[in-house]
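Below is run.cif, which holds mmCIF, C-alpha atoms.
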```cif
data_start
#
loop_
_atom_site.label_atom_id
_atom_site.label_comp_id
_atom_site.auth_asym_id
_atom_site.auth_seq_id
_atom_site.Cartn_x
_atom_site.Cartn_y
_atom_site.Cartn_z
CA MET A 1 140.09 60.15 2.59
CA THR A 2 136.55 60.09 1.25
CA SER A 3 135.21 58.95 -2.08
CA LEU A 4 135.48 61.25 -5.07
CA HIS A 5 132.11 62.89 -5.76
CA PRO A 6 130.55 61.87 -9.13
CA ALA A 7 130.41 65.50 -10.28
CA ASP A 8 134.11 65.94 -9.51
CA ALA A 9 134.93 62.65 -11.24
CA VAL A 10 133.13 63.62 -14.45
CA ARG A 11 134.81 67.03 -14.35
CA LEU A 12 138.27 65.46 -13.92
CA LEU A 13 137.66 63.21 -16.91
CA VAL A 14 136.90 66.27 -19.04
CA GLU A 15 139.24 68.94 -17.73
CA ILE A 16 142.49 67.06 -17.11
CA PRO A 17 142.79 65.81 -20.73
CA GLU A 18 141.97 69.32 -21.94
CA GLY A 19 144.99 70.56 -20.05
CA GLY A 20 147.21 67.97 -21.73
CA GLY A 21 147.12 65.49 -18.84
CA SER A 22 145.65 62.02 -18.34
CA ALA A 23 143.03 60.92 -15.84
CA VAL A 24 141.89 57.47 -14.76
CA VAL A 25 138.84 57.03 -12.55
CA SER A 26 137.84 53.80 -10.79
CA THR A 27 134.38 53.24 -9.36
CA VAL A 28 133.23 50.30 -7.25
CA VAL A 29 130.25 48.88 -9.14
CA GLY A 30 129.97 45.45 -7.53
CA ASP A 31 127.29 45.07 -4.91
CA ASN A 32 128.90 45.68 -1.52
CA ARG A 33 129.13 48.41 1.07
CA PHE A 34 131.71 50.30 -0.99
CA THR A 35 129.49 50.52 -4.06
CA GLY A 36 129.74 53.89 -5.77
CA ASN A 37 133.02 54.82 -4.08
CA ARG A 38 135.61 56.37 -6.36
CA ILE A 39 139.27 57.06 -6.66
CA ALA A 40 141.11 58.85 -9.45
CA TRP A 41 144.70 58.86 -10.69
CA VAL A 42 145.67 62.13 -12.30
CA VAL A 43 148.82 62.67 -14.34
CA MET A 44 149.36 66.23 -15.49
CA GLU A 45 151.59 67.07 -18.44
CA LYS A 46 153.91 68.77 -15.99
CA GLY A 47 153.94 67.95 -12.32
CA GLU A 48 153.68 64.94 -10.06
CA PRO A 49 150.96 62.30 -10.57
CA GLU A 50 148.46 62.22 -7.73
CA SER A 51 145.41 60.34 -6.51
CA ARG A 52 142.05 61.86 -5.59
CA GLY A 53 139.39 60.25 -3.44
CA SER A 54 139.30 56.74 -2.04
CA LEU A 55 137.43 53.46 -2.45
CA GLY A 56 137.00 53.31 1.34
CA LEU A 57 139.50 50.54 1.98
CA PRO A 58 143.25 51.26 1.90
CA GLN A 59 144.19 47.86 0.42
CA ALA A 60 141.63 48.32 -2.34
CA ASP A 61 143.02 51.77 -3.08
CA GLU A 62 146.50 50.35 -3.40
CA ALA A 63 145.44 47.51 -5.69
CA VAL A 64 143.34 49.69 -7.93
CA MET A 65 146.02 52.39 -8.15
CA GLU A 66 148.36 49.79 -9.57
CA LEU A 67 145.67 48.82 -12.06
CA MET A 68 145.16 52.46 -13.03
CA ARG A 69 148.86 53.09 -13.54
CA ASP A 70 149.11 50.00 -15.74
CA ALA A 71 146.07 51.11 -17.74
CA LEU A 72 147.68 54.48 -18.43
CA GLU A 73 150.91 52.92 -19.62
CA ASN A 74 149.13 50.59 -22.01
CA PRO A 75 147.93 52.55 -25.04
CA ARG A 76 145.46 49.78 -25.92
CA ALA A 77 143.82 49.70 -22.49
CA SER A 78 140.17 50.64 -22.69
CA ASP A 79 137.37 51.46 -20.29
CA GLY A 80 135.78 48.50 -18.58
CA LEU A 81 135.23 46.22 -15.62
CA HIS A 82 137.92 44.63 -13.48
CA GLU A 83 137.64 42.09 -10.69
CA LEU A 84 139.69 42.56 -7.53
CA ALA A 85 139.76 40.63 -4.29
CA ILE A 86 141.06 42.27 -1.13
CA ALA A 87 141.11 39.90 1.86
CA ASP A 88 137.50 38.72 2.03
CA HIS A 89 136.11 41.53 -0.07
CA PRO A 90 135.52 40.77 -3.70
CA PHE A 91 135.51 44.05 -5.61
CA GLU A 92 134.31 44.89 -9.04
CA VAL A 93 135.54 48.22 -10.33
CA TYR A 94 134.77 50.11 -13.50
CA ILE A 95 137.83 51.89 -14.83
CA GLU A 96 137.76 54.85 -17.21
CA ILE A 97 140.83 56.20 -18.92
CA ARG A 98 141.10 59.63 -20.51
CA ARG A 99 144.20 60.60 -22.39
CA PRO A 100 145.33 64.09 -23.42
CA VAL A 101 142.99 65.86 -25.84
CA GLN A 102 144.12 65.70 -29.46
CA GLU A 103 144.64 68.91 -31.37
CA LEU A 104 143.67 69.81 -34.88
CA VAL A 105 145.68 72.62 -36.45
CA VAL A 106 144.01 73.94 -39.58
CA VAL A 107 146.49 76.02 -41.56
CA GLY A 108 144.56 78.28 -43.91
CA ALA A 109 141.21 79.83 -43.04
CA GLY A 110 139.48 79.61 -46.40
CA HIS A 111 136.25 77.91 -47.44
CA ILE A 112 137.41 74.35 -46.73
CA ALA A 113 138.80 75.30 -43.33
CA GLN A 114 135.38 76.27 -42.02
CA PRO A 115 133.64 72.88 -42.24
CA LEU A 116 136.95 71.24 -41.26
CA ALA A 117 137.18 73.22 -38.02
CA HIS A 118 133.54 72.53 -37.32
CA LEU A 119 133.77 68.78 -37.88
CA GLY A 120 137.05 68.58 -35.99
CA ALA A 121 135.48 70.17 -32.93
CA LEU A 122 132.52 67.81 -33.26
CA LEU A 123 134.91 64.85 -33.12
CA GLY A 124 136.48 66.09 -29.92
CA PHE A 125 139.59 67.72 -31.32
CA ARG A 126 140.73 71.00 -29.87
CA VAL A 127 140.80 73.08 -33.03
CA ASN A 128 143.21 75.93 -33.84
CA VAL A 129 143.00 77.84 -37.12
CA ILE A 130 145.87 79.83 -38.62
CA ASP A 131 145.92 82.26 -41.56
CA ASP A 132 147.93 85.32 -42.53
CA ARG A 133 144.87 87.25 -43.70
CA PRO A 134 143.16 89.06 -40.82
CA GLU A 135 139.85 89.16 -42.69
CA PHE A 136 139.79 85.36 -42.85
CA ALA A 137 141.28 84.52 -39.45
CA THR A 138 138.25 85.70 -37.51
CA ARG A 139 136.34 84.28 -34.58
CA GLU A 140 133.05 84.80 -36.50
CA ARG A 141 134.17 82.43 -39.24
CA PHE A 142 135.30 79.79 -36.74
CA PRO A 143 132.98 79.77 -33.75
CA SER A 144 133.93 76.23 -32.69
CA ALA A 145 137.69 76.79 -32.76
CA GLU A 146 139.70 77.17 -29.59
CA LYS A 147 142.03 79.76 -31.12
CA VAL A 148 141.93 81.64 -34.40
CA ILE A 149 145.38 83.03 -35.08
CA ARG A 150 146.75 85.51 -37.55
CA ALA A 151 150.29 84.49 -38.28
CA ASP A 152 152.70 84.69 -41.12
CA PHE A 153 153.25 81.41 -42.97
CA SER A 154 157.00 81.78 -42.50
CA ASP A 155 156.44 81.14 -38.77
CA PRO A 156 152.94 79.66 -38.57
CA PHE A 157 153.16 77.61 -35.36
CA ARG A 158 154.59 80.26 -33.05
CA GLU A 159 151.38 80.60 -31.04
CA VAL A 160 150.32 76.96 -31.31
CA PRO A 161 153.46 74.87 -30.85
CA LEU A 162 153.11 71.45 -32.48
CA HIS A 163 153.49 68.29 -30.40
CA ALA A 164 152.84 64.56 -30.66
CA ARG A 165 149.08 65.15 -30.27
CA SER A 166 148.85 67.67 -33.12
CA HIS A 167 147.02 66.86 -36.34
CA VAL A 168 148.06 69.38 -38.97
CA LEU A 169 145.91 70.09 -42.01
CA LEU A 170 147.48 72.25 -44.69
CA VAL A 171 144.71 73.97 -46.62
CA THR A 172 146.08 77.45 -47.35
CA ARG A 173 145.12 79.43 -50.44
CA GLY A 174 148.36 78.68 -52.22
CA HIS A 175 150.69 75.83 -52.87
CA LYS A 176 153.76 77.81 -51.78
CA TYR A 177 152.23 78.54 -48.36
CA ASP A 178 151.29 74.88 -47.86
CA TYR A 179 154.85 73.98 -48.74
CA ALA A 180 156.36 76.53 -46.34
CA CYS A 181 154.30 75.19 -43.44
CA LEU A 182 154.77 71.56 -44.47
CA ILE A 183 158.54 71.73 -44.32
CA ILE A 184 158.35 73.17 -40.79
CA ALA A 185 155.81 70.60 -39.58
CA LEU A 186 157.81 67.74 -41.11
CA GLN A 187 160.93 68.57 -39.16
CA MET A 188 159.25 68.81 -35.76
CA ASP A 189 160.57 66.57 -33.03
CA PRO A 190 158.55 64.77 -31.77
CA PRO A 191 156.62 64.55 -35.03
CA PRO A 192 152.92 65.52 -35.12
CA ALA A 193 150.44 62.63 -35.07
CA TYR A 194 149.20 63.52 -38.52
CA ILE A 195 150.14 65.85 -41.35
CA GLY A 196 147.70 66.22 -44.22
CA MET A 197 148.07 68.44 -47.25
CA ILE A 198 145.40 69.26 -49.78
CA GLY A 199 146.18 69.28 -53.48
CA SER A 200 145.88 67.57 -56.80
CA ARG A 201 148.11 64.66 -57.75
CA ARG A 202 150.26 67.06 -59.78
CA ARG A 203 150.67 69.51 -56.95
CA VAL A 204 151.46 66.77 -54.45
CA ARG A 205 154.03 65.31 -56.81
CA ALA A 206 155.64 68.72 -57.29
CA THR A 207 155.82 69.10 -53.51
CA TYR A 208 157.58 65.77 -53.11
CA VAL A 209 160.07 66.65 -55.84
CA GLN A 210 160.79 69.93 -54.12
CA LEU A 211 161.17 68.30 -50.68
CA LEU A 212 163.62 65.72 -52.03
CA GLU A 213 165.58 68.46 -53.78
CA GLU A 214 165.82 70.28 -50.46
CA GLY A 215 167.39 67.13 -49.05
CA ILE A 216 164.44 66.06 -46.88
CA ASP A 217 164.69 62.37 -45.98
CA ARG A 218 162.34 60.05 -47.91
CA VAL A 219 161.24 58.51 -44.59
CA LEU A 220 159.85 61.88 -43.54
CA LEU A 221 157.80 62.04 -46.73
CA ASP A 222 155.89 58.96 -45.60
CA ARG A 223 154.44 61.04 -42.77
CA ILE A 224 152.52 63.22 -45.20
CA HIS A 225 148.92 62.37 -46.04
CA ALA A 226 148.57 63.92 -49.46
CA PRO A 227 146.30 64.35 -51.23
CA VAL A 228 144.42 64.54 -47.97
CA GLY A 229 141.25 62.53 -47.21
CA LEU A 230 139.45 59.34 -48.19
CA ASP A 231 138.23 58.64 -51.70
CA ILE A 232 134.47 59.23 -51.45
CA GLY A 233 134.09 61.45 -54.48
CA ALA A 234 133.91 64.62 -52.40
CA GLU A 235 133.50 67.87 -54.36
CA THR A 236 132.05 70.66 -52.23
CA PRO A 237 134.06 72.12 -49.32
CA GLU A 238 131.73 70.36 -46.88
CA GLU A 239 132.12 67.02 -48.64
CA ILE A 240 135.88 67.41 -48.76
CA ALA A 241 135.88 68.20 -45.04
CA VAL A 242 133.98 64.96 -44.36
CA ALA A 243 136.48 63.00 -46.46
CA VAL A 244 139.36 64.58 -44.52
CA VAL A 245 137.98 64.00 -41.02
CA ALA A 246 137.06 60.45 -42.05
CA GLU A 247 140.77 59.92 -42.67
CA LEU A 248 141.58 61.42 -39.26
CA ILE A 249 139.22 58.93 -37.62
CA MET A 250 140.76 56.12 -39.64
CA VAL A 251 144.26 57.08 -38.47
CA ARG A 252 143.11 57.41 -34.88
CA ARG A 253 141.07 54.21 -34.72
CA GLY A 254 142.85 52.07 -37.25
CA GLY A 255 140.03 51.41 -39.73
CA THR A 256 140.40 50.43 -43.37
CA GLY A 257 138.40 53.23 -44.97
CA ALA A 258 136.47 50.67 -47.00
CA SER A 259 132.68 50.55 -47.18
CA LEU A 260 131.30 48.34 -44.37
CA ARG A 261 128.96 46.72 -46.85
CA GLY A 262 131.98 45.34 -48.67
CA VAL A 263 133.74 44.41 -45.44
CA GLU A 264 130.80 42.60 -43.83
CA ARG A 265 129.19 41.15 -47.01
CA VAL A 266 126.06 40.20 -45.05
CA MET A 267 124.08 39.24 -48.17
CA GLU A 268 126.84 37.07 -49.59
CA ARG A 269 127.68 35.38 -46.29
CA PHE A 270 124.24 34.68 -44.91
CA PHE A 271 121.91 34.57 -47.91
CA LYS A 272 123.85 32.47 -50.38
CA GLU A 273 121.55 31.13 -53.08
CA ASP A 274 122.07 27.55 -54.24
CA LYS A 275 123.02 27.39 -57.86
CA MET N 276 131.70 59.96 -23.20
CA THR N 277 132.70 62.42 -25.89
CA HIS N 278 134.22 65.72 -25.03
CA ASP N 279 131.09 67.83 -25.47
CA ASP N 280 129.01 65.23 -23.65
CA GLY N 281 131.43 65.47 -20.76
CA ARG N 282 131.11 69.22 -20.59
CA SER N 283 127.31 69.26 -20.52
CA LEU N 284 127.24 66.40 -18.00
CA THR N 285 129.64 68.26 -15.70
CA GLN N 286 127.52 71.40 -15.93
CA ALA N 287 124.33 69.50 -15.15
CA LEU N 288 125.89 67.69 -12.17
CA TYR N 289 127.19 70.93 -10.66
CA ALA N 290 123.91 72.73 -11.32
CA ALA N 291 122.01 70.02 -9.40
CA ARG N 292 124.59 70.09 -6.64
CA GLU N 293 124.36 73.86 -6.26
CA ALA N 294 120.58 73.76 -6.26
CA GLY N 295 120.70 71.13 -3.52
CA ARG N 296 118.93 68.51 -5.65
CA CYS N 297 119.58 64.81 -5.75
CA CYS N 298 119.88 63.30 -9.22
CA ALA N 299 121.10 60.02 -10.72
CA LEU N 300 124.05 59.29 -12.96
CA ALA N 301 123.87 56.31 -15.33
CA THR N 302 127.00 54.91 -16.97
CA ILE N 303 127.29 52.06 -19.46
CA ILE N 304 129.99 49.89 -17.87
CA ALA N 305 129.86 46.84 -20.13
CA THR N 306 128.26 45.83 -23.42
CA LYS N 307 127.92 42.61 -25.38
CA GLY N 308 126.87 42.42 -28.99
CA SER N 309 125.58 45.46 -30.80
CA THR N 310 124.35 48.39 -28.68
CA PRO N 311 123.52 51.94 -29.75
CA ARG N 312 126.07 53.44 -27.36
CA LYS N 313 129.26 52.01 -25.99
CA VAL N 314 131.02 51.67 -22.65
CA GLY N 315 131.52 55.07 -21.02
CA ALA N 316 128.32 56.67 -22.36
CA ARG N 317 126.54 58.59 -19.62
CA MET N 318 123.16 60.05 -18.82
CA ILE N 319 121.95 62.19 -15.93
CA VAL N 320 118.39 61.84 -14.71
CA ASP N 321 117.42 64.97 -12.83
CA PRO N 322 113.81 64.90 -11.56
CA ASP N 323 113.62 68.69 -11.93
CA THR N 324 115.23 69.29 -15.29
CA GLY N 325 115.01 65.95 -17.09
CA LEU N 326 117.72 64.12 -19.02
CA VAL N 327 121.22 65.13 -20.03
CA GLY N 328 123.12 62.79 -22.32
CA THR N 329 121.88 59.41 -23.50
CA VAL N 330 122.58 55.72 -23.00
CA GLY N 331 121.05 54.84 -26.34
CA GLY N 332 117.41 55.88 -26.30
CA GLY N 333 114.39 53.66 -26.80
CA CYS N 334 113.10 50.98 -24.43
CA GLY N 335 116.55 50.31 -22.99
CA GLU N 336 116.91 53.89 -21.90
CA ALA N 337 113.41 53.88 -20.45
CA GLU N 338 114.44 50.98 -18.20
CA VAL N 339 117.45 52.97 -17.03
CA ILE N 340 115.31 56.04 -16.31
CA GLU N 341 112.95 53.93 -14.22
CA ALA N 342 115.90 52.55 -12.27
CA ALA N 343 117.24 56.09 -11.82
CA TYR N 344 114.07 57.16 -10.04
CA ARG N 345 114.36 54.17 -7.70
CA VAL N 346 118.00 55.03 -7.06
CA ILE N 347 117.15 58.64 -6.20
CA GLU N 348 114.40 57.45 -3.86
CA THR N 349 116.47 54.85 -2.03
CA GLY N 350 119.84 56.56 -2.26
CA ARG N 351 121.37 53.21 -3.25
CA ALA N 352 123.27 52.54 -6.46
CA GLN N 353 121.95 49.84 -8.75
CA ARG N 354 123.15 47.88 -11.75
CA VAL N 355 120.69 47.47 -14.58
CA ASN N 356 121.10 44.79 -17.21
CA VAL N 357 119.46 46.04 -20.37
CA ASP N 358 118.62 43.38 -22.93
CA LEU N 359 118.25 44.62 -26.50
CA THR N 360 118.11 41.18 -28.05
CA ASP N 361 114.42 41.10 -28.95
CA ASP N 362 113.42 39.02 -31.93
CA LEU N 363 115.06 40.67 -34.91
CA VAL N 364 111.96 40.51 -37.06
CA SER N 365 109.63 42.01 -34.47
CA TRP N 366 109.16 45.75 -34.95
CA SER N 367 110.24 46.43 -31.40
CA PRO N 368 112.68 49.33 -31.07
CA ALA N 369 114.99 47.05 -29.09
CA VAL N 370 116.51 45.29 -32.08
CA CYS N 371 120.14 46.27 -31.69
CA GLY N 372 120.90 42.71 -30.68
CA GLY N 373 123.10 43.48 -27.69
CA VAL N 374 123.08 43.50 -23.91
CA MET N 375 124.39 46.30 -21.76
CA ASP N 376 125.25 46.69 -18.12
CA VAL N 377 124.40 50.13 -16.75
CA PHE N 378 125.56 51.43 -13.37
CA VAL N 379 123.05 53.86 -11.92
CA GLU N 380 124.14 55.82 -8.87
CA PRO N 381 122.65 58.54 -6.73
CA VAL N 382 124.37 61.93 -6.86
CA SER N 383 123.79 63.72 -3.60
CA PRO N 384 124.25 67.46 -3.29
CA GLU N 385 126.63 67.02 -0.34
CA ALA N 386 130.23 66.16 -0.96
CA SER N 387 130.27 62.44 -0.21
#
```

What is this file in structure tokens?
Amino acid sequence: MTSLHPADAVRLLVEIPEGGGSAVVSTVVGDNRFTGNRIAWVVMEKGEPESRGSLGLPQADEAVMELMRDALENPRASDGLHELAIADHPFEVYIEIRRPVQELVVVGAGHIAQPLAHLGALLGFRVNVIDDRPEFATRERFPSAEKVIRADFSDPFREVPLHARSHVLLVTRGHKYDYACLIIALQMDPPPAYIGMIGSRRRVRATYVQLLEEGIDRVLLDRIHAPVGLDIGAETPEEIAVAVVAELIMVRRGGTGASLRGVERVMERFFKEDK
Amino acid sequence: MTHDDGRSLTQALYAAREAGRCCALATIIATKGSTPRKVGARMIVDPDTGLVGTVGGGCGEAEVIEAAYRVIETGRAQRVNVDLTDDLVSWSPAVCGGVMDVFVEPVSPEAS
């Protein structure tokens, strides 16, 4: 078994997660005769996990495969250096982990959907847009989307089944359509990673009242991000889109959404004036 | 490496491979302190077509590009320690305040 070629390694890291799988690549970066050698561990959504390439030493392959499997199982594992020692060979490997690509499902193809789809794609989401109006659900309006689908809001997710990596944004032209799609998304098992619904306080409140009247569990209501987005005073469709994707990043990375100036307080902490 | 970065890097690596050219691939493998780009950021240095991707720009990147040319010439991978901790009040572009470890490797057109 020979080392995985760098071009093939970079391609694996991009294409496997796009197909819903995970890929881990290990490269020897310490200074020895195996420097630059690579092995990958590929886990497709369906199918058996497999390795590709080799570090050039069977014992090293075995040790690093264990490391790669552990890294995949640990959601907090991140890319970085690891030290290994095989017999008399000290090894330093750089391990990269790529998990399945996250999806953004924009329901409604109106004026807010356009910057949303664009920003979502920019952030690495695979973007799908759904609307029931053929004149809005067009490729021309959403050049960065993976799929632009015309579907009825009574069965919106037929062509893009929701899963645990779906981030659903409800931005249709009418409250009743948002509601129809919301109730479907809410009852998905496993639940989507994120459900956001646009709307004023009044509209959101009305939605909650309606959901409770329908007998939807209160716990499920906690899954809804509504009104959607962070409070940055957004007004235009583009500004609102920024506020919404900022919330998506916050959910994904676990930030606070507060201004860093207030969090870091550099002036206050380092330039305190004596009184 | 963001998604789009990954796509353009893949394309560039395969283009060089098909054209039979040797190029260099630089990857940030460790950082300390504040650096413009984080672990996993990549850049290709192709003597024929130039740069694809970035490891942060500025003086730090220039050091990596220099190393990349050495790597292509010798065919041996190299680790470059880039220090961006210049005096904060100097007007040097290297004022991020961090250090990064960049692995620069040759990418030969043959399957290795």

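For the choices A:Asp70, A:Glu238, A:Glu264, A:Glu92, the atom-to-atom distance to chain N is smallest for A:Glu92 when using all atoms listed in the file.
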
Discussion item. At a cut-off of 12 Å, which residues of chain N touch chain A? Count all atoms listed in the file and give the answer as an MDAnalysis selection string.
Written reply: chainID N and resid 276:293 297:307 313:319 346 350:355 376:387

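A straight line drawn from CA of Gly229 in chain A to CA of Pro156 in chain A is 22.5 Å long.
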
For this structure, which residues satisfy the selection - the PyMOL selection byres ((chain A and resi 249) around 12) - when it is evaluated on the file as given? I want them as a compact mmCIF listing (two decimals) with C-alpha atoms, in the coordinates of the input.
```txt
# COMPACT_ATOMS: atom_id res chain seq x y z
CA GLN A 102 144.12 65.70 -29.46
CA LEU A 119 133.77 68.78 -37.88
CA GLY A 120 137.05 68.58 -35.99
CA LEU A 122 132.52 67.81 -33.26
CA LEU A 123 134.91 64.85 -33.12
CA GLY A 124 136.48 66.09 -29.92
CA PHE A 125 139.59 67.72 -31.32
CA HIS A 167 147.02 66.86 -36.34
CA TYR A 194 149.20 63.52 -38.52
CA GLY A 229 141.25 62.53 -47.21
CA LEU A 230 139.45 59.34 -48.19
CA VAL A 242 133.98 64.96 -44.36
CA ALA A 243 136.48 63.00 -46.46
CA VAL A 244 139.36 64.58 -44.52
CA VAL A 245 137.98 64.00 -41.02
CA ALA A 246 137.06 60.45 -42.05
CA GLU A 247 140.77 59.92 -42.67
CA LEU A 248 141.58 61.42 -39.26
CA MET A 250 140.76 56.12 -39.64
CA VAL A 251 144.26 57.08 -38.47
CA ARG A 252 143.11 57.41 -34.88
CA ARG A 253 141.07 54.21 -34.72
CA GLY A 254 142.85 52.07 -37.25
CA GLY A 255 140.03 51.41 -39.73
CA THR A 256 140.40 50.43 -43.37
CA GLY A 257 138.40 53.23 -44.97
```

Discussion item. Here is a test: counting all atoms listed in the file, which residue of N:Gly372, N:Thr310, N:Gly295, N:Val357 is nearest to Cys334 in chain N?
Written reply: N:Val357

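Using all atoms listed in the file, the nearest neighbour of Thr236 in chain A within the list A:Ile112, A:Val209, A:Leu220, A:Val64 is A:Ile112.
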
Discussion item. Which residues, named as in the file, does the PyMOL selection byres ((chain A and resi 129) around 6) pick out? Answer as an NGL selection string.
Written reply: :A and (105-107 or 128 or 130 or 148)

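You can rank A:Val42, A:Leu186, A:Gly19, A:Ala145 by their closest distance to Leu162 in chain A using only C-alpha atoms, and at the top of that list sits A:Leu186.
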
Worksheet item: How many Å lie between CA of Leu84 in chain A and CA of Gly21 in chain A, rounded to one decimal?
Response: 26.6 Å

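Minimum atom-to-atom distances from N:Asn356, N:Arg312, N:Glu341, N:Val374 to Gly328 in chain N were compared using only C-alpha atoms, and the lowest value belongs to N:Arg312.
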
Discussion item. Using all atoms listed in the file, which protein or nucleic acid residues come within 6 Å of Ile39 in chain A? Drop anything in the same chain fewer than 5 positions from it, and give the result as a ChimeraX atom specification.
Written reply: /A:4,25-26,52-55

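Between CA of Phe34 in chain A and CA of Pro322 in chain N there is a distance of 25.4 Å.
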
Taking all atoms of range 321-337 of chain N that the file lists, what box with edges along x, y and z, padded by 8 Å per side, do you get, with centre and edge lengths in Å to one decimal, as JSON?
```
{"center_x": 118.1, "center_y": 59.8, "center_z": -19.2, "size_x": 26.0, "size_y": 35.0, "size_z": 31.2}
```

Could you expand the PyMOL selection byres ((chain A and resi 193) around 8) into the explicit residues it covers here, written as a PDB file with C-alpha atoms, in the frame of the given file?
```pdb
ATOM      1  CA  HIS A 163     153.490  68.290 -30.400  1.00  0.00           C
ATOM      2  CA  ALA A 164     152.840  64.560 -30.660  1.00  0.00           C
ATOM      3  CA  ARG A 165     149.080  65.150 -30.270  1.00  0.00           C
ATOM      4  CA  SER A 166     148.850  67.670 -33.120  1.00  0.00           C
ATOM      5  CA  HIS A 167     147.020  66.860 -36.340  1.00  0.00           C
ATOM      6  CA  PRO A 191     156.620  64.550 -35.030  1.00  0.00           C
ATOM      7  CA  PRO A 192     152.920  65.520 -35.120  1.00  0.00           C
ATOM      8  CA  TYR A 194     149.200  63.520 -38.520  1.00  0.00           C
ATOM      9  CA  ILE A 195     150.140  65.850 -41.350  1.00  0.00           C
TER      10      ILE A 195
END
```
